[in-house]
>>> print(open('run.pdb').read())   # PDB, C-alpha atoms and all ligand atoms
ATOM      1  CA  MET A 158      11.955  20.503  13.442
ATOM      2  CA  SER A 159       8.409  19.856  14.556
ATOM      3  CA  GLU A 160       7.282  20.628  11.018
ATOM      4  CA  GLY A 161       9.187  17.653   9.729
ATOM      5  CA  LYS A 162      11.437  19.372   7.200
ATOM      6  CA  ILE A 163      14.790  17.650   6.971
ATOM      7  CA  CYS A 164      17.489  19.855   8.428
ATOM      8  CA  PRO A 165      20.738  18.984   6.630
ATOM      9  CA  ASP A 166      23.107  19.376   9.578
ATOM     10  CA  ALA A 167      20.913  18.517  12.533
ATOM     11  CA  GLY A 168      22.469  15.096  12.969
ATOM     12  CA  GLU A 169      25.766  16.478  14.249
ATOM     13  CA  GLY A 170      26.876  16.630  17.856
ATOM     14  CA  GLY A 171      25.473  13.510  19.480
ATOM     15  CA  SER A 172      24.204  10.481  17.661
ATOM     16  CA  PRO A 173      20.977   8.859  18.896
ATOM     17  CA  ALA A 174      23.033   5.821  19.932
ATOM     18  CA  ALA A 175      25.409   8.036  21.946
ATOM     19  CA  LEU A 176      22.393   9.593  23.639
ATOM     20  CA  GLY A 177      21.162   6.143  24.582
ATOM     21  CA  ARG A 178      18.041   6.223  22.402
ATOM     22  CA  VAL A 179      16.749   3.547  20.077
ATOM     23  CA  PRO A 180      19.320   3.268  17.306
ATOM     24  CA  ALA A 181      17.369   5.275  14.748
ATOM     25  CA  PRO A 182      19.381   5.800  11.595
ATOM     26  CA  ALA A 183      21.544   8.983  11.841
ATOM     27  CA  ASP A 184      18.824  11.324  12.145
ATOM     28  CA  PRO A 185      17.196  14.656  11.942
ATOM     29  CA  ILE A 186      13.803  13.283  10.849
ATOM     30  CA  PRO A 187      11.126  13.783  13.513
ATOM     31  CA  VAL A 188       9.067  10.873  14.681
ATOM     32  CA  SER A 189       5.388  11.052  13.799
ATOM     33  CA  PRO A 190       3.107  11.894  16.731
ATOM     34  CA  ILE A 191       0.891   9.050  15.513
ATOM     35  CA  PRO A 192       2.428   5.630  16.149
ATOM     36  CA  ALA A 193       2.240   2.739  13.747
ATOM     37  CA  VAL A 194      -0.909   0.954  14.739
ATOM     38  CA  ASN A 195      -1.198  -2.705  15.587
ATOM     39  CA  VAL A 196      -2.843  -4.007  12.431
ATOM     40  CA  ALA A 197      -5.309  -6.070  14.449
ATOM     41  CA  SER A 198      -6.875  -2.829  15.750
ATOM     42  CA  VAL A 199      -7.809  -1.520  12.282
ATOM     43  CA  PRO A 200     -10.673  -2.954  10.227
ATOM     44  CA  GLN A 201      -9.197  -5.141   7.499
ATOM     45  CA  ARG A 202     -11.083  -4.091   4.390
ATOM     46  CA  SER A 203      -9.043  -5.723   1.651
ATOM     47  CA  PRO A 204      -9.485  -9.376   0.729
ATOM     48  CA  LEU A 205      -5.794  -9.451  -0.238
ATOM     49  CA  ARG A 206      -3.049  -9.849   2.373
ATOM     50  CA  TYR A 207      -0.720  -7.557   0.566
ATOM     51  CA  PRO A 208       3.057  -7.516   1.012
ATOM     52  CA  GLY A 209       3.941  -3.950   1.936
ATOM     53  CA  GLY A 210       0.283  -3.317   2.772
ATOM     54  CA  LYS A 211      -0.400  -0.088   4.622
ATOM     55  CA  THR A 212      -2.887  -1.107   7.295
ATOM     56  CA  TRP A 213      -0.493   0.285   9.925
ATOM     57  CA  LEU A 214      -0.771   3.721   8.290
ATOM     58  CA  ILE A 215      -4.561   4.014   8.564
ATOM     59  CA  PRO A 216      -4.562   6.355  11.619
ATOM     60  CA  HIS A 217      -2.274   8.702   9.643
ATOM     61  CA  ILE A 218      -4.634   8.547   6.670
ATOM     62  CA  ARG A 219      -7.646   9.346   8.851
ATOM     63  CA  HIS A 220      -5.822  12.281  10.456
ATOM     64  CA  TRP A 221      -4.749  13.630   7.049
ATOM     65  CA  LEU A 222      -8.125  13.349   5.309
ATOM     66  CA  LYS A 223     -10.198  14.583   8.263
ATOM     67  CA  GLY A 224      -8.059  17.731   8.305
ATOM     68  CA  ILE A 225      -8.952  18.707   4.730
ATOM     69  CA  GLU A 226     -11.797  21.205   4.244
ATOM     70  CA  PRO A 227     -13.959  20.736   2.270
ATOM     71  CA  ARG A 228     -13.845  16.957   2.302
ATOM     72  CA  PRO A 229     -11.977  15.663  -0.779
ATOM     73  CA  LYS A 230     -14.165  14.204  -3.485
ATOM     74  CA  LEU A 231     -11.641  11.819  -4.995
ATOM     75  CA  LEU A 232      -8.643   9.887  -3.683
ATOM     76  CA  VAL A 233      -6.331   8.518  -6.380
ATOM     77  CA  GLU A 234      -3.945   5.681  -5.496
ATOM     78  CA  PRO A 235      -1.510   5.144  -8.397
ATOM     79  CA  PHE A 236       0.217   2.064  -6.842
ATOM     80  CA  ALA A 237      -2.840   0.385  -5.384
ATOM     81  CA  GLY A 238      -1.822  -3.204  -4.524
ATOM     82  CA  GLY A 239      -4.275  -4.402  -1.861
ATOM     83  CA  GLY A 240      -5.922  -0.970  -1.832
ATOM     84  CA  ILE A 241      -6.378  -0.730   1.931
ATOM     85  CA  VAL A 242      -6.083   3.072   1.947
ATOM     86  CA  SER A 243      -8.563   3.598  -0.899
ATOM     87  CA  LEU A 244     -11.062   1.152   0.562
ATOM     88  CA  THR A 245     -10.819   2.644   4.044
ATOM     89  CA  ALA A 246     -11.162   6.209   2.762
ATOM     90  CA  VAL A 247     -14.363   5.354   0.887
ATOM     91  CA  MET A 248     -15.869   3.042   3.500
ATOM     92  CA  GLU A 249     -15.252   5.510   6.341
ATOM     93  CA  GLY A 250     -16.674   8.405   4.306
ATOM     94  CA  LEU A 251     -13.376  10.306   4.299
ATOM     95  CA  VAL A 252     -13.695  10.869   0.533
ATOM     96  CA  ASP A 253     -16.580  10.435  -1.888
ATOM     97  CA  ARG A 254     -14.814   8.176  -4.336
ATOM     98  CA  CYS A 255     -11.476   6.516  -5.025
ATOM     99  CA  LEU A 256      -9.564   5.465  -8.100
ATOM    100  CA  MET A 257      -7.123   2.602  -7.621
ATOM    101  CA  VAL A 258      -4.484   2.079 -10.298
ATOM    102  CA  GLU A 259      -2.335  -1.039 -10.530
ATOM    103  CA  LEU A 260      -0.057  -2.373 -13.260
ATOM    104  CA  ASP A 261       0.209  -6.014 -12.204
ATOM    105  CA  ARG A 262      -2.106  -8.098 -14.440
ATOM    106  CA  ASP A 263      -2.912 -10.637 -11.748
ATOM    107  CA  VAL A 264      -3.731  -8.022  -9.131
ATOM    108  CA  ALA A 265      -5.716  -6.045 -11.695
ATOM    109  CA  ALA A 266      -7.746  -9.145 -12.580
ATOM    110  CA  PHE A 267      -8.508  -9.566  -8.908
ATOM    111  CA  TRP A 268      -9.888  -6.027  -8.589
ATOM    112  CA  HIS A 269     -11.896  -6.322 -11.798
ATOM    113  CA  ALA A 270     -13.414  -9.559 -10.520
ATOM    114  CA  ALA A 271     -14.097  -8.144  -7.044
ATOM    115  CA  LEU A 272     -15.781  -5.033  -8.423
ATOM    116  CA  ARG A 273     -17.703  -6.607 -11.306
ATOM    117  CA  HIS A 274     -18.348 -10.195 -10.201
ATOM    118  CA  GLY A 275     -18.514 -10.059  -6.391
ATOM    119  CA  PRO A 276     -21.337 -12.592  -5.882
ATOM    120  CA  GLU A 277     -19.745 -15.159  -8.244
ATOM    121  CA  LEU A 278     -16.390 -14.673  -6.531
ATOM    122  CA  CYS A 279     -18.051 -15.335  -3.168
ATOM    123  CA  GLU A 280     -19.468 -18.609  -4.487
ATOM    124  CA  MET A 281     -16.046 -19.694  -5.719
ATOM    125  CA  VAL A 282     -14.537 -18.811  -2.332
ATOM    126  CA  GLN A 283     -17.207 -20.855  -0.562
ATOM    127  CA  ASP A 284     -16.695 -23.911  -2.782
ATOM    128  CA  PHE A 285     -12.897 -23.966  -2.782
ATOM    129  CA  GLU A 286     -11.011 -26.496  -0.650
ATOM    130  CA  PRO A 287      -7.494 -25.060  -0.270
ATOM    131  CA  THR A 288      -5.437 -28.249  -0.270
ATOM    132  CA  ARG A 289      -1.869 -28.119  -1.543
ATOM    133  CA  GLU A 290      -2.924 -30.107  -4.639
ATOM    134  CA  ALA A 291      -5.828 -27.762  -5.417
ATOM    135  CA  VAL A 292      -3.617 -24.684  -5.040
ATOM    136  CA  ASP A 293      -0.895 -26.227  -7.221
ATOM    137  CA  ALA A 294      -3.441 -27.097  -9.897
ATOM    138  CA  LEU A 295      -4.853 -23.566  -9.817
ATOM    139  CA  SER A 296      -1.414 -22.017 -10.085
ATOM    140  CA  ARG A 297      -0.768 -23.998 -13.295
ATOM    141  CA  GLN A 298      -4.148 -23.119 -14.788
ATOM    142  CA  VAL A 299      -4.401 -20.502 -17.524
ATOM    143  CA  PRO A 300      -7.507 -18.520 -16.591
ATOM    144  CA  GLU A 301     -10.037 -17.937 -19.359
ATOM    145  CA  THR A 302     -12.130 -15.212 -17.790
ATOM    146  CA  VAL A 303     -11.437 -12.241 -15.573
ATOM    147  CA  LEU A 304     -13.411 -13.976 -12.823
ATOM    148  CA  GLU A 305     -11.210 -17.088 -12.981
ATOM    149  CA  HIS A 306      -8.123 -14.931 -13.136
ATOM    150  CA  GLY A 307      -9.184 -12.825 -10.162
ATOM    151  CA  PHE A 308     -10.035 -15.921  -8.123
ATOM    152  CA  ARG A 309      -6.668 -17.466  -8.954
ATOM    153  CA  THR A 310      -4.929 -14.305  -7.723
ATOM    154  CA  LEU A 311      -6.902 -14.376  -4.487
ATOM    155  CA  VAL A 312      -6.071 -18.024  -3.797
ATOM    156  CA  LEU A 313      -2.367 -17.625  -4.566
ATOM    157  CA  ASN A 314      -2.174 -14.425  -2.526
ATOM    158  CA  ARG A 315      -3.725 -16.085   0.505
ATOM    159  CA  THR A 316      -1.770 -19.309   0.311
ATOM    160  CA  ARG A 317       1.717 -18.122  -0.604
ATOM    161  CA  ARG A 318       4.202 -17.119   2.032
ATOM    162  CA  GLY A 319       3.751 -13.427   2.912
ATOM    163  CA  GLY A 320       1.054 -13.055   0.239
ATOM    164  CA  ILE A 321       3.806 -12.634  -2.347
ATOM    165  CA  LEU A 322       2.654 -13.070  -5.938
ATOM    166  CA  ALA A 323       5.926 -12.186  -7.663
ATOM    167  CA  PRO A 324       7.716 -14.966  -9.586
ATOM    168  CA  GLY A 325       9.585 -17.326  -7.248
ATOM    169  CA  ALA A 326       7.166 -16.963  -4.310
ATOM    170  CA  SER A 327       6.665 -20.163  -2.355
ATOM    171  CA  LEU A 328       3.664 -21.687  -0.652
ATOM    172  CA  SER A 329       3.074 -21.120   3.042
ATOM    173  CA  ARG A 330       4.532 -24.304   4.507
ATOM    174  CA  TYR A 331       3.392 -24.277   8.123
ATOM    175  CA  GLY A 332       1.067 -21.313   8.408
ATOM    176  CA  GLU A 333      -1.113 -20.553  11.403
ATOM    177  CA  SER A 334      -1.671 -23.471  13.808
ATOM    178  CA  GLY A 335       0.195 -25.787  11.454
ATOM    179  CA  LYS A 336      -2.665 -25.544   8.964
ATOM    180  CA  GLY A 337      -0.246 -25.006   6.099
ATOM    181  CA  VAL A 338      -1.537 -23.528   2.853
ATOM    182  CA  ALA A 339      -5.073 -23.207   4.259
ATOM    183  CA  SER A 340      -4.001 -21.155   7.262
ATOM    184  CA  ARG A 341      -5.072 -17.827   5.757
ATOM    185  CA  TRP A 342      -8.141 -19.041   3.922
ATOM    186  CA  TYR A 343     -11.196 -17.708   5.775
ATOM    187  CA  PRO A 344     -14.207 -18.069   3.460
ATOM    188  CA  GLY A 345     -16.671 -16.303   5.798
ATOM    189  CA  THR A 346     -14.402 -13.307   6.340
ATOM    190  CA  LEU A 347     -13.553 -13.029   2.656
ATOM    191  CA  LYS A 348     -17.208 -13.146   1.639
ATOM    192  CA  LYS A 349     -18.042 -10.370   4.121
ATOM    193  CA  ARG A 350     -15.260  -8.192   2.694
ATOM    194  CA  PHE A 351     -16.486  -8.778  -0.864
ATOM    195  CA  SER A 352     -19.989  -7.924   0.150
ATOM    196  CA  VAL A 353     -18.922  -4.603   1.739
ATOM    197  CA  ILE A 354     -16.831  -3.788  -1.337
ATOM    198  CA  GLY A 355     -19.848  -4.603  -3.539
ATOM    199  CA  GLY A 356     -21.979  -2.264  -1.436
ATOM    200  CA  CYS A 357     -19.594   0.620  -2.186
ATOM    201  CA  GLY A 358     -18.889  -0.524  -5.740
ATOM    202  CA  GLN A 359     -20.242   2.657  -7.331
ATOM    203  CA  ARG A 360     -17.677   4.700  -5.420
ATOM    204  CA  ILE A 361     -14.641   2.500  -6.069
ATOM    205  CA  GLY A 362     -12.937   2.885  -9.433
ATOM    206  CA  PHE A 363     -10.158   0.671 -10.678
ATOM    207  CA  SER A 364      -7.856   0.984 -13.657
ATOM    208  CA  GLU A 365      -5.226  -1.481 -14.858
ATOM    209  CA  ALA A 366      -2.608   1.052 -15.835
ATOM    210  CA  ASP A 367       0.830   2.474 -15.206
ATOM    211  CA  GLY A 368       0.488   4.800 -12.232
ATOM    212  CA  MET A 369       3.509   6.806 -13.364
ATOM    213  CA  ALA A 370       2.026   7.335 -16.819
ATOM    214  CA  LEU A 371      -1.215   8.399 -15.174
ATOM    215  CA  LEU A 372       0.599  10.948 -13.035
ATOM    216  CA  GLU A 373       2.521  12.221 -16.077
ATOM    217  CA  VAL A 374      -0.782  12.980 -17.777
ATOM    218  CA  MET A 375      -2.957  13.960 -14.834
ATOM    219  CA  ALA A 376      -0.794  15.236 -11.969
ATOM    220  CA  GLY A 377      -1.028  18.835 -13.139
ATOM    221  CA  SER A 378      -4.792  18.831 -13.599
ATOM    222  CA  LEU A 379      -6.243  16.812 -10.734
ATOM    223  CA  GLY A 380      -7.863  19.792  -9.059
ATOM    224  CA  ASP A 381      -8.396  20.939  -5.497
ATOM    225  CA  ASN A 382     -10.983  18.369  -4.570
ATOM    226  CA  CYS A 383      -8.659  15.447  -5.317
ATOM    227  CA  VAL A 384      -5.907  13.905  -3.149
ATOM    228  CA  LEU A 385      -3.234  11.301  -3.863
ATOM    229  CA  PHE A 386      -1.982   8.409  -1.784
ATOM    230  CA  VAL A 387       1.338   7.265  -3.221
ATOM    231  CA  ASP A 388       2.937   3.997  -2.091
ATOM    232  CA  PRO A 389       5.446   2.892  -4.727
ATOM    233  CA  PRO A 390       7.567  -0.252  -4.539
ATOM    234  CA  TYR A 391      10.573   0.479  -2.349
ATOM    235  CA  THR A 392      13.556   0.135  -4.625
ATOM    236  CA  ALA A 393      15.308   3.454  -4.047
ATOM    237  CA  GLY A 394      18.993   3.429  -3.158
ATOM    238  CA  GLY A 395      19.421  -0.208  -4.201
ATOM    239  CA  LYS A 396      16.876  -1.478  -1.660
ATOM    240  CA  ARG A 397      15.789  -4.948  -2.606
ATOM    241  CA  ALA A 398      12.419  -5.315  -0.880
ATOM    242  CA  GLY A 399      10.348  -4.028  -3.778
ATOM    243  CA  LYS A 400      12.169  -6.290  -6.240
ATOM    244  CA  ARG A 401      11.424  -9.435  -4.272
ATOM    245  CA  LEU A 402       7.817  -8.581  -3.476
ATOM    246  CA  TYR A 403       6.401  -7.282  -6.746
ATOM    247  CA  ALA A 404       6.669  -8.262 -10.406
ATOM    248  CA  HIS A 405       6.551  -4.555 -11.295
ATOM    249  CA  ASN A 406       9.115  -2.711  -9.266
ATOM    250  CA  GLU A 407      10.941  -0.258 -11.520
ATOM    251  CA  VAL A 408       9.952   3.274 -10.587
ATOM    252  CA  ASP A 409      11.780   6.481 -11.424
ATOM    253  CA  HIS A 410      11.708   7.876  -7.907
ATOM    254  CA  GLY A 411      13.196  11.232  -8.898
ATOM    255  CA  ARG A 412      10.549  11.735 -11.567
ATOM    256  CA  LEU A 413       7.795  10.717  -9.146
ATOM    257  CA  PHE A 414       8.902  13.418  -6.707
ATOM    258  CA  GLU A 415       9.039  15.969  -9.539
ATOM    259  CA  LEU A 416       5.521  15.155 -10.680
ATOM    260  CA  LEU A 417       4.166  15.534  -7.165
ATOM    261  CA  ALA A 418       6.065  18.795  -6.632
ATOM    262  CA  ASP A 419       4.805  20.265  -9.917
ATOM    263  CA  GLY A 420       1.281  18.945  -9.487
ATOM    264  CA  LYS A 421      -0.043  20.965  -6.515
ATOM    265  CA  THR A 422      -2.383  18.133  -5.480
ATOM    266  CA  ASP A 423      -2.296  17.311  -1.768
ATOM    267  CA  PHE A 424      -0.722  13.912  -1.117
ATOM    268  CA  VAL A 425       0.647  11.449   1.370
ATOM    269  CA  MET A 426       3.509   9.288   0.139
ATOM    270  CA  THR A 427       5.329   6.483   1.946
ATOM    271  CA  TYR A 428       8.815   5.074   1.536
ATOM    272  CA  ASP A 429      11.247   3.187   3.637
ATOM    273  CA  ARG A 430      14.185   5.171   4.828
ATOM    274  CA  ALA A 431      16.932   5.603   2.222
ATOM    275  CA  PRO A 432      19.427   8.451   1.691
ATOM    276  CA  GLU A 433      18.218   8.893  -1.902
ATOM    277  CA  ILE A 434      14.685   9.517  -0.677
ATOM    278  CA  GLU A 435      15.791  11.899   2.067
ATOM    279  CA  ALA A 436      17.709  13.865  -0.577
ATOM    280  CA  LEU A 437      14.602  14.057  -2.772
ATOM    281  CA  VAL A 438      12.485  15.230   0.176
ATOM    282  CA  ARG A 439      15.025  17.955   0.820
ATOM    283  CA  LYS A 440      15.309  18.931  -2.835
ATOM    284  CA  HIS A 441      11.569  19.503  -3.182
ATOM    285  CA  GLY A 442      11.012  21.059   0.245
ATOM    286  CA  PHE A 443       8.546  18.348   1.272
ATOM    287  CA  HIS A 444       7.793  17.495   4.880
ATOM    288  CA  VAL A 445       8.572  14.130   6.373
ATOM    289  CA  VAL A 446       8.097  12.169   9.564
ATOM    290  CA  GLN A 447       9.274   8.692  10.372
ATOM    291  CA  VAL A 448       7.276   5.891  11.904
ATOM    292  CA  GLU A 449       8.922   3.057  13.744
ATOM    293  CA  MET A 450       7.739  -0.386  12.792
ATOM    294  CA  LYS A 451       8.640  -3.960  13.527
ATOM    295  CA  ASN A 452       9.119  -6.197  10.540
ATOM    296  CA  THR A 453       8.076  -9.842  10.445
ATOM    297  CA  HIS A 454      11.377 -10.781  12.117
ATOM    298  CA  HIS A 455      10.635  -8.270  14.930
ATOM    299  CA  ALA A 456      13.518  -6.016  13.868
ATOM    300  CA  ARG A 457      12.922  -2.255  14.053
ATOM    301  CA  ILE A 458      12.509  -0.548  10.708
ATOM    302  CA  TYR A 459      11.645   3.053   9.866
ATOM    303  CA  GLU A 460       9.119   4.131   7.282
ATOM    304  CA  LEU A 461       8.856   7.678   6.001
ATOM    305  CA  VAL A 462       5.569   9.506   5.596
ATOM    306  CA  ILE A 463       6.050  12.396   3.176
ATOM    307  CA  THR A 464       3.671  15.315   2.594
ATOM    308  CA  PRO A 465       3.851  18.649   0.728
ATOM    309  CA  ARG A 466       2.823  20.590   3.880
ATOM    310  CA  PRO A 467       3.110  19.886   7.599
ATOM    311  CA  VAL A 468       0.401  17.359   8.428
ATOM    312  CA  PHE A 469       1.805  15.160  11.189
ATOM    313  CA  VAL A 470       3.038  17.675  13.717
ATOM    314  CA  HIS A 471       3.337  17.516  17.488
TER     315      HIS A 471
HETATM  316  C1  LIG B   1       4.006  -1.003  -1.952
HETATM  317  S1  LIG B   1       2.864  -1.803  -3.008
HETATM  318  C2  LIG B   1       1.351  -0.999  -2.639
HETATM  319  C3  LIG B   1       0.717  -1.580  -1.408
HETATM  320  C4  LIG B   1      -0.625  -0.925  -1.075
HETATM  321  N1  LIG B   1      -0.446   0.444  -0.647
HETATM  322  C5  LIG B   1      -1.359  -1.702  -0.020
HETATM  323  O1  LIG B   1      -1.564  -1.200   1.102
HETATM  324  O2  LIG B   1      -1.735  -2.855  -0.290
HETATM  325  C6  LIG B   1       3.290  -1.160  -4.570
HETATM  326  C7  LIG B   1       2.387  -1.644  -5.705
HETATM  327  O3  LIG B   1       2.704  -0.872  -6.881
HETATM  328  C8  LIG B   1       2.529  -1.724  -8.011
HETATM  329  N2  LIG B   1       3.247  -1.075  -9.121
HETATM  330  C9  LIG B   1       4.570  -1.067  -9.391
HETATM  331  N3  LIG B   1       4.846  -0.270 -10.440
HETATM  332  C10 LIG B   1       3.658   0.264 -10.836
HETATM  333  C11 LIG B   1       3.273   1.176 -11.844
HETATM  334  N4  LIG B   1       4.183   1.720 -12.671
HETATM  335  N5  LIG B   1       1.975   1.518 -11.967
HETATM  336  C12 LIG B   1       1.043   0.985 -11.125
HETATM  337  N6  LIG B   1       1.342   0.104 -10.149
HETATM  338  C13 LIG B   1       2.631  -0.250 -10.005
HETATM  339  C14 LIG B   1       3.071  -3.048  -7.556
HETATM  340  O4  LIG B   1       2.574  -4.084  -8.366
HETATM  341  C15 LIG B   1       2.544  -3.102  -6.110
HETATM  342  O5  LIG B   1       1.277  -3.699  -6.092
END
>>> encode(input="run.pdb", output="structure tokens", more="lines below")
Ligand SMILES: C[S@@+](CC[C@H](N)C(=O)[O-])C[C@H]1O[C@@H](n2cnc3c(N)ncnc32)[C@H](O)[C@@H]1O
Amino acid sequence: MSEGKICPDAGEGGSPAALGRVPAPADPIPVSPIPAVNVASVPQRSPLRYPGGKTWLIPHIRHWLKGIEPRPKLLVEPFAGGGIVSLTAVMEGLVDRCLMVELDRDVAAFWHAALRHGPELCEMVQDFEPTREAVDALSRQVPETVLEHGFRTLVLNRTRRGGILAPGASLSRYGESGKGVASRWYPGTLKKRFSVIGGCGQRIGFSEADGMALLEVMAGSLGDNCVLFVDPPYTAGGKRAGKRLYAHNEVDHGRLFELLADGKTDFVMTYDRAPEIEALVRKHGFHVVQVEMKNTHHARIYELVITPRPVFVH
């Protein structure tokens, strides 16, 4: 069990609840020896406050990448979102380069702007007064350039509730200290993050593309010096979270597992806990640990960290 393979019958003979433990879902999945980290204790590298962002996973990512000899040259992230894992891996020297891939046009425009027009973006951040009227006006605007589009994404991401950009997302009404829509708008902090990203710009690649299509073409030929971090929208087993949070949320989870199993590239993949995913882990002989988290309503939830070999062992 310490290896983290799912044992099909290990849940029998005494449920966690009966044993008086935290009510983990009926369970043979071992708990990761690395706890979910308090996000405040990890450097925030992304200018986006991304729903489903993986800041809490950073200690796992460090442990995984530091254990690979020789150091990987390239980390590919086919569902990049806010890109916290790619940015951290490059900025902490855990890999030489990263390639972030994202299908959402608005998020893609943001990354293009951040990587190609950092100084101009910083000026726009400095000059913007995030009143409700200004944010509303920006949300109605049709951007003409990638810079305008990227800036619009940044503003909406930082002023909408939970950072959600998907259709139907609402503005942050009360925010921190009752500051409403402006409560997450920190020009100084954002400018610093853009400047650090600009400093590593040569090592950060971005592609507006379908991560699944990329894996279909490349998964078999990525090579030994490449690793994958895979964080798809969570929609397996009818779970709704991914549908509400992201405009693009249809992923063929079975095919994704197949591509990773056939590909031979080392990877870390995350999912929330769903029977369909546990069955896929079992089918492909992957290893899995669970990490206990608290969601925004302070309820316990369990995320899975899946690898092709034992990485997070006691
Ligand atoms: C769980 S989020 C990733 C969060 C990211 N790991 C972070 O820490 O910010 C999943 C992302 O996948 C994107 N996405 C969904 N389908 C995609 C596809 N076929 N190709 C590329 N990106 C996709 C969504 O737009 C969303 O940004």
>>> closest_atom_pairs(input="run.pdb", of="chain A", to="ligand LIG 1 (chain B)", cutoff="8 Å", atoms="all atoms listed in the file", output="tab-separated table")
residue	atom	partner	partner_atom	distance
A:Leu205	CA	B:LIG1	O2	7.7
A:Arg206	CA	B:LIG1	O2	7.6
A:Tyr207	CA	B:LIG1	O2	4.9
A:Pro208	CA	B:LIG1	O2	6.8
A:Gly209	CA	B:LIG1	C1	4.9
A:Gly210	CA	B:LIG1	O1	3.3
A:Lys211	CA	B:LIG1	O1	3.9
A:Thr212	CA	B:LIG1	O1	6.3
A:Glu234	CA	B:LIG1	N1	7.9
A:Pro235	CA	B:LIG1	C12	5.6
A:Phe236	CA	B:LIG1	O3	3.8
A:Ala237	CA	B:LIG1	C4	5.0
A:Gly238	CA	B:LIG1	O5	3.5
A:Gly239	CA	B:LIG1	O2	3.4
A:Gly240	CA	B:LIG1	O2	4.8
A:Ile241	CA	B:LIG1	O1	4.9
A:Val242	CA	B:LIG1	O1	6.3
A:Val258	CA	B:LIG1	C12	5.7
A:Glu259	CA	B:LIG1	N6	3.9
A:Leu260	CA	B:LIG1	C12	4.1
A:Asp261	CA	B:LIG1	O4	4.9
A:Val264	CA	B:LIG1	O5	7.3
A:Glu365	CA	B:LIG1	C12	7.7
A:Ala366	CA	B:LIG1	C12	6.0
A:Asp367	CA	B:LIG1	N5	3.6
A:Gly368	CA	B:LIG1	N5	3.6
A:Met369	CA	B:LIG1	N4	5.2
A:Ala370	CA	B:LIG1	N4	7.3
A:Val387	CA	B:LIG1	N1	7.5
A:Asp388	CA	B:LIG1	N1	5.1
A:Pro389	CA	B:LIG1	C6	4.6
A:Pro390	CA	B:LIG1	C6	4.4
A:Tyr391	CA	B:LIG1	C1	6.7
A:Gly399	CA	B:LIG1	C1	7.3
A:Tyr403	CA	B:LIG1	O4	5.2
A:Ala404	CA	B:LIG1	O4	6.2
A:His405	CA	B:LIG1	C9	4.4
A:Asn406	CA	B:LIG1	C9	4.8
A:Glu407	CA	B:LIG1	N3	6.2
A:Val408	CA	B:LIG1	N3	6.2
>>> closest_residue(input="run.pdb", among="A:Arg228, A:Arg430, A:Arg360, A:His441", to="A:Thr392", atoms="all atoms listed in the file")
A:Arg430
>>> resolve_selection(input="run.pdb", expression="the PyMOL selection byres (((chain A and resi 304-306) around 10) and not hetatm)", output="JSON, numbers by chain")
{"A": [262, 263, 264, 265, 266, 267, 268, 269, 270, 271, 273, 274, 275, 277, 278, 281, 295, 298, 299, 300, 301, 302, 303, 307, 308, 309, 310, 311]}
>>> resolve_selection(input="run.pdb", expression="the PyMOL selection byres (((chain A and resi 335-344) around 12) and not hetatm)", output="PyMOL selection string")
chain A and resi 204-206+278-293+311-320+327-334+345-351
>>> write_last_selection(input="run.pdb", atoms="C-alpha atoms", output="compact mmCIF listing (two decimals), in the frame of the given file")
# COMPACT_ATOMS: atom_id res chain seq x y z
CA PRO A 204 -9.48 -9.38 0.73
CA LEU A 205 -5.79 -9.45 -0.24
CA ARG A 206 -3.05 -9.85 2.37
CA LEU A 278 -16.39 -14.67 -6.53
CA CYS A 279 -18.05 -15.34 -3.17
CA GLU A 280 -19.47 -18.61 -4.49
CA MET A 281 -16.05 -19.69 -5.72
CA VAL A 282 -14.54 -18.81 -2.33
CA GLN A 283 -17.21 -20.86 -0.56
CA ASP A 284 -16.70 -23.91 -2.78
CA PHE A 285 -12.90 -23.97 -2.78
CA GLU A 286 -11.01 -26.50 -0.65
CA PRO A 287 -7.49 -25.06 -0.27
CA THR A 288 -5.44 -28.25 -0.27
CA ARG A 289 -1.87 -28.12 -1.54
CA GLU A 290 -2.92 -30.11 -4.64
CA ALA A 291 -5.83 -27.76 -5.42
CA VAL A 292 -3.62 -24.68 -5.04
CA ASP A 293 -0.90 -26.23 -7.22
CA LEU A 311 -6.90 -14.38 -4.49
CA VAL A 312 -6.07 -18.02 -3.80
CA LEU A 313 -2.37 -17.62 -4.57
CA ASN A 314 -2.17 -14.42 -2.53
CA ARG A 315 -3.72 -16.08 0.50
CA THR A 316 -1.77 -19.31 0.31
CA ARG A 317 1.72 -18.12 -0.60
CA ARG A 318 4.20 -17.12 2.03
CA GLY A 319 3.75 -13.43 2.91
CA GLY A 320 1.05 -13.06 0.24
CA SER A 327 6.66 -20.16 -2.36
CA LEU A 328 3.66 -21.69 -0.65
CA SER A 329 3.07 -21.12 3.04
CA ARG A 330 4.53 -24.30 4.51
CA TYR A 331 3.39 -24.28 8.12
CA GLY A 332 1.07 -21.31 8.41
CA GLU A 333 -1.11 -20.55 11.40
CA SER A 334 -1.67 -23.47 13.81
CA GLY A 345 -16.67 -16.30 5.80
CA THR A 346 -14.40 -13.31 6.34
CA LEU A 347 -13.55 -13.03 2.66
CA LYS A 348 -17.21 -13.15 1.64
CA LYS A 349 -18.04 -10.37 4.12
CA ARG A 350 -15.26 -8.19 2.69
CA PHE A 351 -16.49 -8.78 -0.86
>>> resolve_selection(input="run.pdb", expression="the PyMOL selection byres (((chain A and resi 225) around 12) and not hetatm)", output="list in words")
Ile218, Arg219, His220, Trp221, Leu222, Lys223, Gly224, Glu226, Pro227, Arg228, Pro229, Lys230, Leu251, Val252, Asp381, Asn382, Cys383, Val384, Asp423, Phe424, Arg466 and Val468 of chain A
>>> atom_distance(input="run.pdb", atom1="atom CA of A:Lys421", atom2="atom CA of A:Val194")
29.2 Å
>>> residues_around(input="run.pdb", residues="A:Pro190", least_positions_apart="6", cutoff="8 Å", atoms="all atoms listed in the file", output="list of chain:residue names")
A:Phe469, A:Val470, A:His471
>>> write_last_selection(input="run.pdb", atoms="C-alpha atoms", output="tab-separated table (two decimals), keeping the file's coordinate frame")
chain	number	residue	atom	x	y	z
A	469	PHE	CA	1.80	15.16	11.19
A	470	VAL	CA	3.04	17.68	13.72
A	471	HIS	CA	3.34	17.52	17.49
